[in-house]
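Source file: protein-v3.pdb. Holds: PDB, C-alpha atoms and all ligand atoms.
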ATOM      1  CA  MET T   5       7.133 -11.091 -16.941
ATOM      2  CA  ALA T   6       9.033 -14.159 -18.120
ATOM      3  CA  GLY T   7      10.732 -14.158 -21.460
ATOM      4  CA  THR T   8      12.067 -10.629 -21.624
ATOM      5  CA  ARG T   9      15.799 -10.156 -22.106
ATOM      6  CA  PHE T  10      15.887  -8.930 -18.506
ATOM      7  CA  SER T  11      14.427 -11.984 -16.872
ATOM      8  CA  TYR T  12      17.772 -13.763 -16.465
ATOM      9  CA  VAL T  13      18.327 -11.621 -13.355
ATOM     10  CA  LYS T  14      15.888 -13.933 -11.564
ATOM     11  CA  THR T  15      18.488 -16.734 -11.785
ATOM     12  CA  PHE T  16      20.716 -14.830  -9.334
ATOM     13  CA  GLU T  17      18.211 -15.392  -6.538
ATOM     14  CA  GLN T  18      19.312 -17.986  -3.998
ATOM     15  CA  PRO T  19      16.911 -20.546  -2.547
ATOM     16  CA  ASP T  20      16.898 -20.522   1.260
ATOM     17  CA  PRO T  21      14.839 -23.478   2.462
ATOM     18  CA  LEU T  22      15.015 -24.302   6.164
ATOM     19  CA  LEU T  23      15.836 -27.895   7.057
ATOM     20  CA  PRO T  24      12.638 -29.964   7.287
ATOM     21  CA  GLU T  25      11.499 -31.676  10.502
ATOM     22  CA  THR T  26      13.269 -29.222  12.765
ATOM     23  CA  TYR T  27      11.876 -26.732  15.264
ATOM     24  CA  MET T  28      12.018 -23.154  14.075
ATOM     25  CA  VAL T  29      12.469 -20.414  16.627
ATOM     26  CA  LEU T  30      12.066 -16.878  15.338
ATOM     27  CA  ARG T  31      13.254 -14.114  17.649
ATOM     28  CA  LEU T  32      12.638 -10.468  16.959
ATOM     29  CA  ASP T  33      14.072  -7.590  18.934
ATOM     30  CA  GLY T  34      13.375  -3.870  18.933
ATOM     31  CA  HIS T  35      15.988  -1.902  17.029
ATOM     32  CA  GLY T  36      17.552   0.791  19.197
ATOM     33  CA  PHE T  37      14.912   0.527  21.911
ATOM     34  CA  HIS T  38      17.222   2.143  24.423
ATOM     35  CA  LYS T  39      16.556   5.378  22.557
ATOM     36  CA  PHE T  40      12.976   4.464  21.623
ATOM     37  CA  SER T  41      12.016   3.810  25.265
ATOM     38  CA  ASP T  42      13.612   7.102  26.357
ATOM     39  CA  THR T  43      11.963   9.136  23.610
ATOM     40  CA  HIS T  44       8.557   7.726  24.463
ATOM     41  CA  GLY T  45       8.919   8.027  28.220
ATOM     42  CA  PHE T  46       8.765   4.341  29.124
ATOM     43  CA  ALA T  47       8.570   3.795  32.881
ATOM     44  CA  LYS T  48      11.737   2.377  34.442
ATOM     45  CA  PRO T  49      12.563  -0.409  34.910
ATOM     46  CA  ASN T  50       9.374  -1.867  33.396
ATOM     47  CA  ASP T  51       6.686  -0.104  31.411
ATOM     48  CA  GLU T  52       3.537  -2.180  31.644
ATOM     49  CA  ARG T  53       1.916  -0.474  28.622
ATOM     50  CA  ALA T  54       4.930  -1.217  26.447
ATOM     51  CA  LEU T  55       4.992  -4.852  27.541
ATOM     52  CA  GLN T  56       1.262  -5.233  26.909
ATOM     53  CA  LEU T  57       1.651  -3.743  23.440
ATOM     54  CA  MET T  58       4.375  -6.296  22.702
ATOM     55  CA  ASP T  59       2.023  -9.047  23.924
ATOM     56  CA  ALA T  60      -0.782  -7.718  21.705
ATOM     57  CA  ALA T  61       1.441  -7.716  18.617
ATOM     58  CA  ALA T  62       2.662 -11.243  19.402
ATOM     59  CA  ALA T  63      -0.904 -12.487  19.930
ATOM     60  CA  ALA T  64      -1.856 -11.026  16.542
ATOM     61  CA  VAL T  65       1.044 -12.957  14.982
ATOM     62  CA  MET T  66      -0.284 -16.168  16.555
ATOM     63  CA  ASP T  67      -3.808 -15.436  15.323
ATOM     64  CA  GLU T  68      -2.497 -14.879  11.811
ATOM     65  CA  PHE T  69       0.058 -17.719  11.661
ATOM     66  CA  ARG T  70      -1.301 -20.968  13.043
ATOM     67  CA  ASP T  71       2.098 -22.669  12.811
ATOM     68  CA  VAL T  72       3.263 -20.547  15.736
ATOM     69  CA  VAL T  73       2.415 -22.635  18.793
ATOM     70  CA  LEU T  74       4.211 -20.716  21.535
ATOM     71  CA  ALA T  75       5.607 -17.240  22.052
ATOM     72  CA  PHE T  76       7.733 -15.790  24.818
ATOM     73  CA  GLY T  77       8.351 -12.094  25.346
ATOM     74  CA  GLU T  78      10.429  -9.857  27.588
ATOM     75  CA  SER T  79      11.686  -6.296  27.227
ATOM     76  CA  ASP T  80      11.761  -5.398  23.508
ATOM     77  CA  GLU T  81      11.962  -8.970  22.236
ATOM     78  CA  PHE T  82       9.668 -11.867  21.374
ATOM     79  CA  SER T  83      10.487 -15.470  20.464
ATOM     80  CA  PHE T  84       8.102 -17.614  18.416
ATOM     81  CA  LEU T  85       8.165 -21.394  18.213
ATOM     82  CA  LEU T  86       6.872 -22.852  14.942
ATOM     83  CA  ARG T  87       5.765 -26.446  14.987
ATOM     84  CA  LYS T  88       8.193 -29.032  13.658
ATOM     85  CA  LYS T  89       5.984 -30.044  10.708
ATOM     86  CA  CYS T  90       5.494 -26.437   9.627
ATOM     87  CA  THR T  91       5.493 -26.020   5.821
ATOM     88  CA  LEU T  92       4.698 -22.305   5.798
ATOM     89  CA  TYR T  93       5.971 -20.736   2.522
ATOM     90  CA  ASN T  94       7.723 -24.031   1.791
ATOM     91  CA  ARG T  95       9.970 -23.173   4.759
ATOM     92  CA  ARG T  96      11.659 -20.369   2.846
ATOM     93  CA  GLN T  97      13.670 -18.583   5.500
ATOM     94  CA  SER T  98      13.603 -14.999   4.302
ATOM     95  CA  LYS T  99       9.913 -15.202   3.386
ATOM     96  CA  ILE T 100       8.907 -16.477   6.841
ATOM     97  CA  LEU T 101      11.222 -14.124   8.715
ATOM     98  CA  SER T 102      10.363 -10.965   6.815
ATOM     99  CA  THR T 103       6.618 -11.628   6.809
ATOM    100  CA  LEU T 104       6.330 -12.349  10.527
ATOM    101  CA  VAL T 105       8.611  -9.510  11.607
ATOM    102  CA  SER T 106       6.860  -6.949   9.412
ATOM    103  CA  PHE T 107       3.433  -8.184  10.528
ATOM    104  CA  PHE T 108       4.471  -7.832  14.190
ATOM    105  CA  THR T 109       5.843  -4.353  13.519
ATOM    106  CA  SER T 110       2.665  -3.236  11.754
ATOM    107  CA  VAL T 111       0.488  -4.386  14.630
ATOM    108  CA  TYR T 112       2.832  -2.675  17.102
ATOM    109  CA  VAL T 113       2.350   0.615  15.270
ATOM    110  CA  LEU T 114      -1.364   0.099  14.595
ATOM    111  CA  ARG T 115      -2.131  -0.632  18.232
ATOM    112  CA  TRP T 116       0.241   1.957  19.725
ATOM    113  CA  PRO T 117      -2.507   4.543  20.429
ATOM    114  CA  ALA T 118      -4.568   1.998  22.385
ATOM    115  CA  PHE T 119      -1.710   1.470  24.828
ATOM    116  CA  PHE T 120      -0.165   4.952  24.752
ATOM    117  CA  PRO T 121      -3.183   7.241  24.338
ATOM    118  CA  ASP T 122      -1.273  10.268  25.624
ATOM    119  CA  THR T 123       2.041   9.612  23.877
ATOM    120  CA  PRO T 124       2.109  10.089  20.110
ATOM    121  CA  LEU T 125       4.542   7.868  18.256
ATOM    122  CA  GLN T 126       7.559  10.052  17.448
ATOM    123  CA  TYR T 127       9.171   7.915  14.757
ATOM    124  CA  PRO T 128       8.688   4.467  13.207
ATOM    125  CA  PRO T 129       9.951   1.608  15.392
ATOM    126  CA  SER T 130      11.589  -1.350  13.707
ATOM    127  CA  PHE T 131      12.504  -4.872  14.780
ATOM    128  CA  ASP T 132      15.334  -7.119  13.687
ATOM    129  CA  GLY T 133      14.760 -10.839  13.379
ATOM    130  CA  ARG T 134      16.460 -14.198  13.076
ATOM    131  CA  ILE T 135      15.429 -17.810  12.763
ATOM    132  CA  VAL T 136      17.329 -20.563  14.528
ATOM    133  CA  LEU T 137      16.648 -24.243  13.856
ATOM    134  CA  TYR T 138      16.693 -26.741  16.692
ATOM    135  CA  PRO T 139      16.692 -30.458  15.966
ATOM    136  CA  ALA T 140      15.686 -31.768  19.387
ATOM    137  CA  GLN T 141      13.010 -31.097  22.000
ATOM    138  CA  GLN T 142      15.687 -30.499  24.617
ATOM    139  CA  HIS T 143      17.118 -27.631  22.555
ATOM    140  CA  VAL T 144      13.709 -25.967  22.404
ATOM    141  CA  ARG T 145      13.224 -26.425  26.143
ATOM    142  CA  ASP T 146      16.670 -24.976  26.809
ATOM    143  CA  TYR T 147      16.128 -22.096  24.389
ATOM    144  CA  PHE T 148      13.008 -20.917  26.210
ATOM    145  CA  ALA T 149      14.621 -21.563  29.594
ATOM    146  CA  TRP T 150      17.514 -19.363  28.454
ATOM    147  CA  ARG T 151      15.192 -16.483  27.564
ATOM    148  CA  GLN T 152      13.212 -16.756  30.822
ATOM    149  CA  ALA T 153      16.375 -16.974  32.914
ATOM    150  CA  ASP T 154      17.572 -13.853  31.085
ATOM    151  CA  THR T 155      14.300 -12.116  31.970
ATOM    152  CA  HIS T 156      14.881 -12.862  35.638
ATOM    153  CA  ILE T 157      18.531 -11.784  35.664
ATOM    154  CA  ASN T 158      17.806  -8.525  33.830
ATOM    155  CA  ASN T 159      14.737  -7.718  35.890
ATOM    156  CA  LEU T 160      16.466  -8.300  39.210
ATOM    157  CA  TYR T 161      19.360  -6.109  38.114
ATOM    158  CA  ASN T 162      17.147  -3.358  36.680
ATOM    159  CA  THR T 163      14.792  -3.363  39.660
ATOM    160  CA  THR T 164      17.689  -2.988  42.097
ATOM    161  CA  PHE T 165      19.439  -0.437  39.899
ATOM    162  CA  TRP T 166      16.391   1.836  39.620
ATOM    163  CA  ALA T 167      15.563   1.448  43.320
ATOM    164  CA  LEU T 168      19.057   2.743  44.116
ATOM    165  CA  VAL T 169      18.520   5.682  41.757
ATOM    166  CA  GLN T 170      14.851   6.533  42.305
ATOM    167  CA  GLN T 171      14.541   5.716  46.004
ATOM    168  CA  GLY T 172      18.161   5.655  47.155
ATOM    169  CA  GLY T 173      19.151   8.939  45.544
ATOM    170  CA  GLN T 174      22.211   7.469  43.812
ATOM    171  CA  SER T 175      23.394   8.643  40.414
ATOM    172  CA  THR T 176      23.309   6.042  37.664
ATOM    173  CA  THR T 177      27.109   5.843  37.847
ATOM    174  CA  GLN T 178      26.953   5.225  41.603
ATOM    175  CA  ALA T 179      24.241   2.597  41.173
ATOM    176  CA  HIS T 180      26.398   0.756  38.624
ATOM    177  CA  GLU T 181      29.263   0.825  41.143
ATOM    178  CA  THR T 182      27.051  -0.374  43.984
ATOM    179  CA  LEU T 183      25.905  -3.370  41.948
ATOM    180  CA  LYS T 184      29.291  -4.328  40.546
ATOM    181  CA  GLY T 185      30.133  -7.915  41.522
ATOM    182  CA  THR T 186      26.875  -8.548  43.382
ATOM    183  CA  VAL T 187      25.078 -11.873  43.019
ATOM    184  CA  ALA T 188      21.325 -12.535  42.961
ATOM    185  CA  SER T 189      21.028 -13.091  46.724
ATOM    186  CA  GLY T 190      22.856  -9.827  47.370
ATOM    187  CA  LYS T 191      20.475  -7.883  45.168
ATOM    188  CA  ASN T 192      17.451  -9.529  46.795
ATOM    189  CA  GLU T 193      18.836  -8.611  50.211
ATOM    190  CA  MET T 194      19.615  -5.045  49.123
ATOM    191  CA  LEU T 195      16.086  -4.593  47.760
ATOM    192  CA  PHE T 196      14.536  -5.856  50.963
ATOM    193  CA  SER T 197      16.740  -4.252  53.604
ATOM    194  CA  ARG T 198      17.181  -0.852  51.949
ATOM    195  CA  PHE T 199      13.906  -0.378  50.129
ATOM    196  CA  GLY T 200      11.445  -2.818  51.713
ATOM    197  CA  ILE T 201      10.901  -4.510  48.361
ATOM    198  CA  ASN T 202      10.254  -8.258  48.406
ATOM    199  CA  TYR T 203      11.343  -9.243  44.905
ATOM    200  CA  ALA T 204       9.182 -12.377  44.880
ATOM    201  CA  THR T 205       6.029 -10.281  45.246
ATOM    202  CA  LEU T 206       6.707  -8.033  42.234
ATOM    203  CA  PRO T 207       4.360  -8.605  39.273
ATOM    204  CA  ALA T 208       4.923 -11.984  37.606
ATOM    205  CA  ARG T 209       4.842 -10.217  34.231
ATOM    206  CA  PHE T 210       8.124  -8.501  35.115
ATOM    207  CA  ARG T 211       9.766 -11.524  36.738
ATOM    208  CA  LYS T 212       8.664 -14.247  34.312
ATOM    209  CA  GLY T 213       7.990 -12.453  31.017
ATOM    210  CA  SER T 214       4.974 -13.258  28.845
ATOM    211  CA  VAL T 215       4.132 -16.753  27.649
ATOM    212  CA  LEU T 216       1.544 -16.992  24.863
ATOM    213  CA  VAL T 217      -0.203 -20.265  24.048
ATOM    214  CA  ARG T 218      -3.547 -21.276  22.584
ATOM    215  CA  GLU T 219      -6.016 -22.520  25.145
ATOM    216  CA  VAL T 220      -9.702 -22.909  25.745
ATOM    217  CA  PRO T 221     -10.228 -19.942  28.053
ATOM    218  CA  LYS T 222     -10.866 -21.000  31.643
ATOM    219  CA  VAL T 223     -11.399 -17.546  33.072
ATOM    220  CA  GLU T 224     -11.926 -14.031  31.765
ATOM    221  CA  PRO T 225      -8.853 -12.794  29.891
ATOM    222  CA  GLU T 226      -6.560 -10.580  31.930
ATOM    223  CA  PRO T 227      -8.543  -7.406  32.644
ATOM    224  CA  ASP T 228      -5.495  -5.155  32.232
ATOM    225  CA  VAL T 229      -4.807  -6.417  28.730
ATOM    226  CA  ASP T 230      -8.497  -6.311  27.860
ATOM    227  CA  ALA T 231      -9.102  -2.824  29.190
ATOM    228  CA  ALA T 232      -6.256  -1.421  27.157
ATOM    229  CA  GLY T 233      -7.866  -2.786  24.021
ATOM    230  CA  GLY T 234      -5.131  -5.345  24.001
ATOM    231  CA  VAL T 235      -4.802  -8.825  22.717
ATOM    232  CA  CYS T 236      -8.446  -9.722  23.099
ATOM    233  CA  GLU T 237      -9.986  -7.961  20.154
ATOM    234  CA  THR T 238      -8.958 -10.244  17.349
ATOM    235  CA  ASP T 239     -11.525 -12.283  15.446
ATOM    236  CA  ALA T 240     -10.365 -15.486  17.071
ATOM    237  CA  ARG T 241     -11.082 -14.049  20.469
ATOM    238  CA  GLN T 242     -14.496 -12.770  19.606
ATOM    239  CA  ASP T 243     -15.359 -16.276  18.435
ATOM    240  CA  ALA T 244     -14.403 -17.676  21.791
ATOM    241  CA  VAL T 245     -17.249 -19.097  23.834
ATOM    242  CA  PRO T 246     -17.686 -16.790  26.797
ATOM    243  CA  PRO T 247     -16.537 -18.469  30.000
ATOM    244  CA  THR T 248     -19.809 -17.531  31.669
ATOM    245  CA  THR T 249     -21.871 -19.868  29.444
ATOM    246  CA  SER T 250     -23.863 -22.130  31.742
ATOM    247  CA  ALA T 251     -23.775 -25.181  29.451
ATOM    248  CA  PRO T 252     -20.314 -25.109  27.907
ATOM    249  CA  SER T 253     -20.144 -26.210  24.293
ATOM    250  CA  LYS T 254     -18.229 -29.400  23.667
ATOM    251  CA  ARG T 255     -15.961 -27.674  21.156
ATOM    252  CA  GLN T 256     -14.840 -24.467  22.767
ATOM    253  CA  LYS T 257     -12.508 -22.541  20.537
ATOM    254  CA  LYS T 258      -8.923 -22.074  21.615
ATOM    255  CA  VAL T 259      -7.696 -18.527  21.887
ATOM    256  CA  VAL T 260      -4.309 -17.033  22.520
ATOM    257  CA  VAL T 261      -3.802 -16.459  26.228
ATOM    258  CA  VAL T 262      -1.031 -14.540  27.954
ATOM    259  CA  LEU T 263       0.523 -16.307  30.940
ATOM    260  CA  HIS T 264       3.289 -15.186  33.258
ATOM    261  CA  GLU T 265       4.456 -18.507  34.580
ATOM    262  CA  ASP T 266       7.499 -20.705  34.792
ATOM    263  CA  ILE T 267       8.588 -22.415  31.567
ATOM    264  CA  ILE T 268      11.928 -23.672  32.858
ATOM    265  CA  GLU T 269      10.607 -26.584  34.915
ATOM    266  CA  ASN T 270       8.756 -29.595  33.456
ATOM    267  CA  GLN T 271       5.206 -28.726  34.504
ATOM    268  CA  PHE T 272       4.434 -26.219  31.732
ATOM    269  CA  TRP T 273       5.630 -28.630  29.026
ATOM    270  CA  ASP T 274       4.099 -31.743  30.610
ATOM    271  CA  ASP T 275       0.744 -29.961  30.558
ATOM    272  CA  ARG T 276       1.123 -29.125  26.841
ATOM    273  CA  PRO T 277       2.705 -32.075  25.003
ATOM    274  CA  GLU T 278       1.360 -30.698  21.699
ATOM    275  CA  LEU T 279       3.921 -27.871  21.741
ATOM    276  CA  LEU T 280       6.809 -30.203  20.991
ATOM    277  CA  ALA T 281       4.873 -32.848  19.023
TER
HETATM  278  P1  LIG Y 301      19.527  -3.203  19.654
HETATM  279  O1  LIG Y 301      18.573  -4.278  20.053
HETATM  280  O2  LIG Y 301      20.911  -3.736  19.516
HETATM  281  O3  LIG Y 301      19.092  -2.442  18.447
HETATM  282  O4  LIG Y 301      19.609  -2.121  20.845
HETATM  283  P2  LIG Y 301      18.544  -1.823  21.989
HETATM  284  O5  LIG Y 301      18.784  -0.406  22.421
HETATM  285  O6  LIG Y 301      17.160  -2.176  21.563
HETATM  286  O7  LIG Y 301      19.022  -2.774  23.178
HETATM  287  P3  LIG Y 301      18.455  -4.140  23.763
HETATM  288  O8  LIG Y 301      17.496  -4.808  22.844
HETATM  289  O9  LIG Y 301      19.634  -4.953  24.185
HETATM  290  O10 LIG Y 301      17.741  -3.693  25.085
HETATM  291  C1  LIG Y 301      16.446  -3.230  25.134
HETATM  292  C2  LIG Y 301      16.374  -1.757  25.499
HETATM  293  O11 LIG Y 301      15.013  -1.369  25.563
HETATM  294  C3  LIG Y 301      17.021  -1.425  26.831
HETATM  295  O12 LIG Y 301      17.848  -0.288  26.660
HETATM  296  C4  LIG Y 301      15.883  -1.034  27.721
HETATM  297  C5  LIG Y 301      14.753  -0.712  26.771
HETATM  298  N1  LIG Y 301      13.493  -1.212  27.319
HETATM  299  C6  LIG Y 301      12.841  -2.342  27.021
HETATM  300  N2  LIG Y 301      11.732  -2.473  27.781
HETATM  301  C7  LIG Y 301      11.686  -1.385  28.565
HETATM  302  C8  LIG Y 301      10.778  -0.917  29.578
HETATM  303  O13 LIG Y 301       9.750  -1.549  29.898
HETATM  304  N3  LIG Y 301      11.065   0.261  30.191
HETATM  305  C9  LIG Y 301      12.167   0.983  29.842
HETATM  306  N4  LIG Y 301      12.400   2.129  30.481
HETATM  307  N5  LIG Y 301      13.043   0.589  28.901
HETATM  308  C10 LIG Y 301      12.804  -0.575  28.285
HETATM  309 MG    MG Y 302      18.852  -6.391  18.808
HETATM  310 MG    MG Y 303      16.645  -4.126  21.082
HETATM  311 MG    MG Y 304      16.370  -6.559  23.488
HETATM  312 MG    MG Y 305       4.622 -10.539  -3.971
END

Kindly return the structure encoded in the file as structure tokens.
Amino acid sequence: MAGTRFSYVKTFEQPDPLLPETYMVLRLDGHGFHKFSDTHGFAKPNDERALQLMDAAAAAVMDEFRDVVLAFGESDEFSFLLRKKCTLYNRRQSKILSTLVSFFTSVYVLRWPAFFPDTPLQYPPSFDGRIVLYPAQQHVRDYFAWRQADTHINNLYNTTFWALVQQGGQSTTQAHETLKGTVASGKNEMLFSRFGINYATLPARFRKGSVLVREVPKVEPEPDVDAAGGVCETDARQDAVPPTTSAPSKRQKKVVVVLHEDIIENQFWDDRPELLA
């Protein structure tokens, strides 16, 4: 290709290397998922199938790209942490971003029928993406705390909102009015006193989002994810030593696991110092 009189056009291309020795966080988000979730009849406020499909696509990204050490998902978004020493594609921003986002999108479409067997895909979903660089461990901690706090705030609001509509008979306009100016404790109280819902007992998936890390499996993978043909069918998973083995091998293979636990406090990070190494 080189050497033709056209090849000078290549010189217009701009290099876009990401600063070395910094944490990369890639966040993708469903484009126009307000409409997409309506068109495909997602349950309100949380559609478990849709969330599991997101988890499956994110797990596939982690199986394919070993530099991704942690992922966090809620709603129509997922954040991926790439290790500080990552040299993937010589840290070229657009190459990393476009490859990971398109890979995620492909898996989302490929696996759709496994999670929505009765709902054909009506049109192609797409995801936007960005990469943000963080120089310090504290920034990474605060980034993921920010996303999980957002999960909680949105879920508490949405849960109360849809309880007012679905169980309380309010219109969506009325429900918006009812919730205007309320704080978290007020919504908790409203859920409990009016609808008998104890927020703290709702599924952790909805309250905490999904946290994906690589671990030697301690127990069977989540049956709900497994049954739906979810994140457990990748090659990496099939290689995993079954947890039922009586004499566990010394070198059990790590697999991507989906957790729904707190990542704001220290415990999660203290247990996994390798994430920020
Ligand atoms: P964007 O990201 O600017 O292209 O616009 P949207 O419409 O994707 O908005 P966004 O990302 O701020 O909010 C996510 C939308 O996806 C929100 O309208 C609710 C919808 N959504 C996400 N997860 C669920 C779910 O589990 N159930 C339902 N019913 N809707 C969901
Ligand atoms: Mg967006
Ligand atoms: Mg969106
Ligand atoms: Mg979103
Ligand atoms: Mg090429």

Next on the checklist: Translate the PyMOL selection byres (((not hetatm)) within 9 of (chain Y and resi 302)) into a concrete residue list for this structure, as a VMD selection string.
Outcome noted: chain T and resid 32 to 37 80 to 81 131 to 133

Per residue of chain T within 12 Å of ligand LIG 301 (chain Y), which atom pair is closest and at what distance in Å (one decimal), using only C-alpha atoms and all ligand atoms, listed by chain and increasing number, as a Markdown table?
| residue | atom | partner | partner_atom | distance |
| --- | --- | --- | --- | --- |
| T:Arg31 | CA | Y:LIG301 | O1 | 11.4 |
| T:Leu32 | CA | Y:LIG301 | O1 | 9.1 |
| T:Asp33 | CA | Y:LIG301 | O1 | 5.7 |
| T:Gly34 | CA | Y:LIG301 | O6 | 4.9 |
| T:His35 | CA | Y:LIG301 | O3 | 3.5 |
| T:Gly36 | CA | Y:LIG301 | O5 | 3.7 |
| T:Phe37 | CA | Y:LIG301 | O6 | 3.5 |
| T:His38 | CA | Y:LIG301 | O12 | 3.4 |
| T:Lys39 | CA | Y:LIG301 | O5 | 6.2 |
| T:Phe40 | CA | Y:LIG301 | O11 | 7.3 |
| T:Ser41 | CA | Y:LIG301 | N5 | 5.0 |
| T:Asp42 | CA | Y:LIG301 | N4 | 6.6 |
| T:Thr43 | CA | Y:LIG301 | N4 | 9.8 |
| T:His44 | CA | Y:LIG301 | N4 | 9.1 |
| T:Gly45 | CA | Y:LIG301 | N4 | 7.2 |
| T:Phe46 | CA | Y:LIG301 | N4 | 4.5 |
| T:Ala47 | CA | Y:LIG301 | N4 | 4.8 |
| T:Lys48 | CA | Y:LIG301 | N4 | 4.0 |
| T:Pro49 | CA | Y:LIG301 | N3 | 5.0 |
| T:Asn50 | CA | Y:LIG301 | O13 | 3.5 |
| T:Asp51 | CA | Y:LIG301 | O13 | 3.7 |
| T:Glu52 | CA | Y:LIG301 | O13 | 6.5 |
| T:Arg53 | CA | Y:LIG301 | O13 | 8.0 |
| T:Ala54 | CA | Y:LIG301 | O13 | 5.9 |
| T:Leu55 | CA | Y:LIG301 | O13 | 6.3 |
| T:Gln56 | CA | Y:LIG301 | O13 | 9.7 |
| T:Leu57 | CA | Y:LIG301 | O13 | 10.6 |
| T:Met58 | CA | Y:LIG301 | N2 | 9.7 |
| T:Gly77 | CA | Y:LIG301 | N2 | 10.5 |
| T:Glu78 | CA | Y:LIG301 | N2 | 7.5 |
| T:Ser79 | CA | Y:LIG301 | N2 | 3.9 |
| T:Asp80 | CA | Y:LIG301 | C6 | 4.8 |
| T:Glu81 | CA | Y:LIG301 | O8 | 7.0 |
| T:Phe82 | CA | Y:LIG301 | O8 | 10.6 |
| T:Pro129 | CA | Y:LIG301 | O6 | 10.2 |
| T:Ser130 | CA | Y:LIG301 | O3 | 8.9 |
| T:Phe131 | CA | Y:LIG301 | O3 | 7.9 |
| T:Asp132 | CA | Y:LIG301 | O3 | 7.7 |
| T:Gly133 | CA | Y:LIG301 | O1 | 10.1 |
| T:Asp154 | CA | Y:LIG301 | O9 | 11.4 |
| T:Thr155 | CA | Y:LIG301 | N2 | 10.8 |
| T:Asn158 | CA | Y:LIG301 | C4 | 9.9 |
| T:Asn159 | CA | Y:LIG301 | O13 | 9.9 |
| T:Asn162 | CA | Y:LIG301 | C4 | 9.3 |
| T:Thr163 | CA | Y:LIG301 | N3 | 10.8 |
| T:Trp166 | CA | Y:LIG301 | N4 | 10.0 |
| T:Arg209 | CA | Y:LIG301 | O13 | 10.9 |
| T:Phe210 | CA | Y:LIG301 | O13 | 8.8 |
| T:Gly213 | CA | Y:LIG301 | O13 | 11.1 |

Checklist entry - Which distance in Å separates atom MG of ligand MG 304 (chain Y) and atom CA of T:Leu23, to one decimal? => result 26.9 Å

Item to check | Residue contacts of stretch 184-189 of chain T (8 Å, only C-alpha atoms) excluding same-chain residues fewer than 4 positions away, as a list in words | outcome: Ile157, Leu160, His180 and Glu193 of chain T

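Of the residues under consideration (T:Lys191, T:Arg211, T:Arg87, T:Arg96), T:Arg87 shows the shortest atom-to-atom contact distance to T:Ala75 when counting only C-alpha atoms.
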
Next on the checklist: For a test of reading the model, state the distance in Å between atom CA of T:Val217 and atom CA of T:Val259, rounded to one decimal.
Outcome noted: 8.0 Å
